[in-house]
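Trainee: Dropping the structure in here first, questions after.
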Amino acid sequence: MSLREVVVWPHEALTTPAEPVEVFDEDLATLIDDMAETMYASNGVGLAANQIAVLKRVTVIDCGDEEGESALLELVNPAIIERHGKFTWQEGCLSFPELFEKIERAERVKVEFFDRHGARQEVEAEGLLAVALQHEIDHLDGIVFMERMGNLQKRLATRRFRKLLAAQDDS
Ligand code: NI
């Protein structure tokens, strides 16, 4: 396993839709292992392949279980098949370090996906896990959370993030 570099917005991989996975082989397993390691090393709860500049429909998520134990989900070719309700959550993104924004999402979702061996699976989620699933599947479609904001919020958040980036360049 190895750590991969997480790209930061406006890297073009973040705004390019990823391609479906067709071959479930060792390379896919390695990609998934590397993504999980990179997510944990970055203290994230989710990572999409676009964020390491790999345009494949693969994402890893770990929002923990009810006891606070690790609960890693590996999703290949995920798709939302049901959504219910609406709620707002304060979201962050490893590709927008230090930017946290309130985003409206479906409150509950059902997602179908394939595991690393190509077996079809489903997961139903609410709360943080529902948010993470929607956020990561958006990444695979080339949609960053900025695109889920209203015009004013988007403008302010863009300005704030550009300032954060400029401050990092200066240090
Ligand atoms: Ni993200």
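Residue names in the structure tokens use chain letters A, B, ... in the order shown, residue numbers from 1 in each chain, and ligand numbers from 1 in the order shown.
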Please identify every polymer residue within 8 Å of ligand 1, using only C-alpha atoms and all ligand atoms, and present the set as a ChimeraX atom specification.

Mentor: /A:46-48,51,92-96,135-136,139,144-145

Trainee: Next, write the just-selected residues to a file, as a tab-separated table (two decimals), in the first residue's frame, keeping C-alpha atoms as the atom set.

Mentor:
chain	number	residue	atom	x	y	z
A	46	GLY	CA	-14.37	9.88	2.46
A	47	LEU	CA	-12.17	9.96	-0.62
A	48	ALA	CA	-13.09	9.64	-4.30
A	51	GLN	CA	-9.22	13.35	-5.62
A	92	GLY	CA	-15.64	19.61	4.48
A	93	CYS	CA	-13.59	18.14	1.63
A	94	LEU	CA	-9.95	17.01	1.47
A	95	SER	CA	-9.68	18.89	-1.84
A	96	PHE	CA	-10.76	22.14	-0.11
A	135	HIS	CA	-20.59	14.03	-1.53
A	136	GLU	CA	-18.33	11.22	-2.83
A	139	HIS	CA	-16.98	13.73	-6.91
A	144	VAL	CA	-17.48	19.47	-6.09
A	145	PHE	CA	-19.50	20.62	-3.05

Trainee: Name all residues at most 12 Å from Pro20 in chain A (count only C-alpha atoms; drop same-chain ones fewer than 2 positions away) and give them as number ranges by chain.

Mentor: A: 17-18, 22-24, 28, 49, 54-59, 75-79, 113-114, 140-141

Trainee: Would you put the residues from that selection into a file with N, CA and C atoms, as a tab-separated table (two decimals), in the first residue's frame?

Mentor:
chain	number	residue	atom	x	y	z
A	17	PRO	N	-15.82	13.98	-14.98
A	17	PRO	CA	-16.50	12.75	-14.55
A	17	PRO	C	-15.58	11.53	-14.69
A	18	ALA	N	-15.67	10.62	-13.72
A	18	ALA	CA	-14.85	9.40	-13.74
A	18	ALA	C	-15.53	8.32	-14.58
A	22	GLU	N	-14.59	-1.56	-15.16
A	22	GLU	CA	-15.08	-2.75	-15.87
A	22	GLU	C	-14.31	-4.00	-15.49
A	23	VAL	N	-13.09	-3.83	-14.97
A	23	VAL	CA	-12.25	-4.98	-14.63
A	23	VAL	C	-11.98	-4.97	-13.13
A	24	PHE	N	-12.33	-6.08	-12.47
A	24	PHE	CA	-12.13	-6.18	-11.02
A	24	PHE	C	-10.89	-7.04	-10.77
A	28	LEU	N	-7.23	-2.83	-9.24
A	28	LEU	CA	-8.35	-2.20	-8.55
A	28	LEU	C	-8.18	-2.35	-7.03
A	49	ALA	N	-11.79	8.66	-6.12
A	49	ALA	CA	-10.59	8.47	-6.94
A	49	ALA	C	-10.19	9.76	-7.66
A	54	VAL	N	-7.27	10.01	-10.29
A	54	VAL	CA	-7.55	8.75	-11.00
A	54	VAL	C	-9.03	8.80	-11.40
A	55	LEU	N	-9.30	8.77	-12.71
A	55	LEU	CA	-10.68	8.98	-13.15
A	55	LEU	C	-11.41	7.64	-13.30
A	56	LYS	N	-11.59	6.97	-12.15
A	56	LYS	CA	-12.35	5.72	-12.08
A	56	LYS	C	-13.41	5.87	-11.00
A	57	ARG	N	-14.56	5.20	-11.22
A	57	ARG	CA	-15.67	5.36	-10.27
A	57	ARG	C	-15.46	4.47	-9.04
A	58	VAL	N	-14.56	4.95	-8.17
A	58	VAL	CA	-14.21	4.25	-6.94
A	58	VAL	C	-14.18	5.26	-5.81
A	59	THR	N	-14.79	4.91	-4.67
A	59	THR	CA	-14.70	5.77	-3.50
A	59	THR	C	-14.61	4.93	-2.23
A	75	LEU	N	-16.60	1.38	-2.34
A	75	LEU	CA	-17.69	1.39	-3.32
A	75	LEU	C	-17.14	1.58	-4.73
A	76	VAL	N	-17.45	0.62	-5.59
A	76	VAL	CA	-17.07	0.70	-6.99
A	76	VAL	C	-18.35	0.91	-7.80
A	77	ASN	N	-18.30	1.84	-8.74
A	77	ASN	CA	-19.47	2.18	-9.58
A	77	ASN	C	-20.73	2.44	-8.75
A	78	PRO	N	-20.66	3.25	-7.70
A	78	PRO	CA	-21.85	3.47	-6.86
A	78	PRO	C	-22.87	4.35	-7.57
A	79	ALA	N	-24.15	4.11	-7.25
A	79	ALA	CA	-25.24	4.93	-7.79
A	79	ALA	C	-26.33	5.05	-6.74
A	113	PHE	N	-23.88	-0.53	-5.32
A	113	PHE	CA	-22.47	-0.44	-5.73
A	113	PHE	C	-21.93	-1.86	-5.91
A	114	PHE	N	-20.70	-1.94	-6.33
A	114	PHE	CA	-20.02	-3.23	-6.43
A	114	PHE	C	-18.85	-3.22	-5.46
A	140	LEU	N	-17.36	11.67	-8.15
A	140	LEU	CA	-17.19	10.76	-9.29
A	140	LEU	C	-17.85	11.33	-10.55
A	141	ASP	N	-18.86	12.17	-10.35
A	141	ASP	CA	-19.52	12.84	-11.48
A	141	ASP	C	-18.84	14.16	-11.84

Trainee: So that I can check the secondary structure, give me every residue of chain A assigned strand (DSSP E or B) by backbone DSSP, as a VMD selection string.

Mentor: chain A and resid 19 46 to 48 56 58 to 61 73 to 84 87 to 91 101 to 105 108 to 114 120 to 126

Trainee: Determine, counting only C-alpha atoms, which protein, DNA and RNA residues have an atom within 9 Å of an atom of Val109 in chain A; residues of the same chain fewer than 2 positions away are not included. Present the result as a PyMOL selection string.

Mentor: chain A and resi 80-84+106-107+111+123-126+130-131+133-134

Trainee: When distances are computed from only C-alpha atoms, which of A:Leu3, A:His11, A:Pro97, A:Leu128 shows the smallest separation from Asp62 in chain A?

Mentor: A:Leu128

Trainee: Nearest residue to Val45 in chain A out of A:Leu14, A:Leu129, A:Met146, A:Val7, using only C-alpha atoms?

Mentor: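 Among the listed residues, A:Leu129 lies closest to Val45 in chain A.
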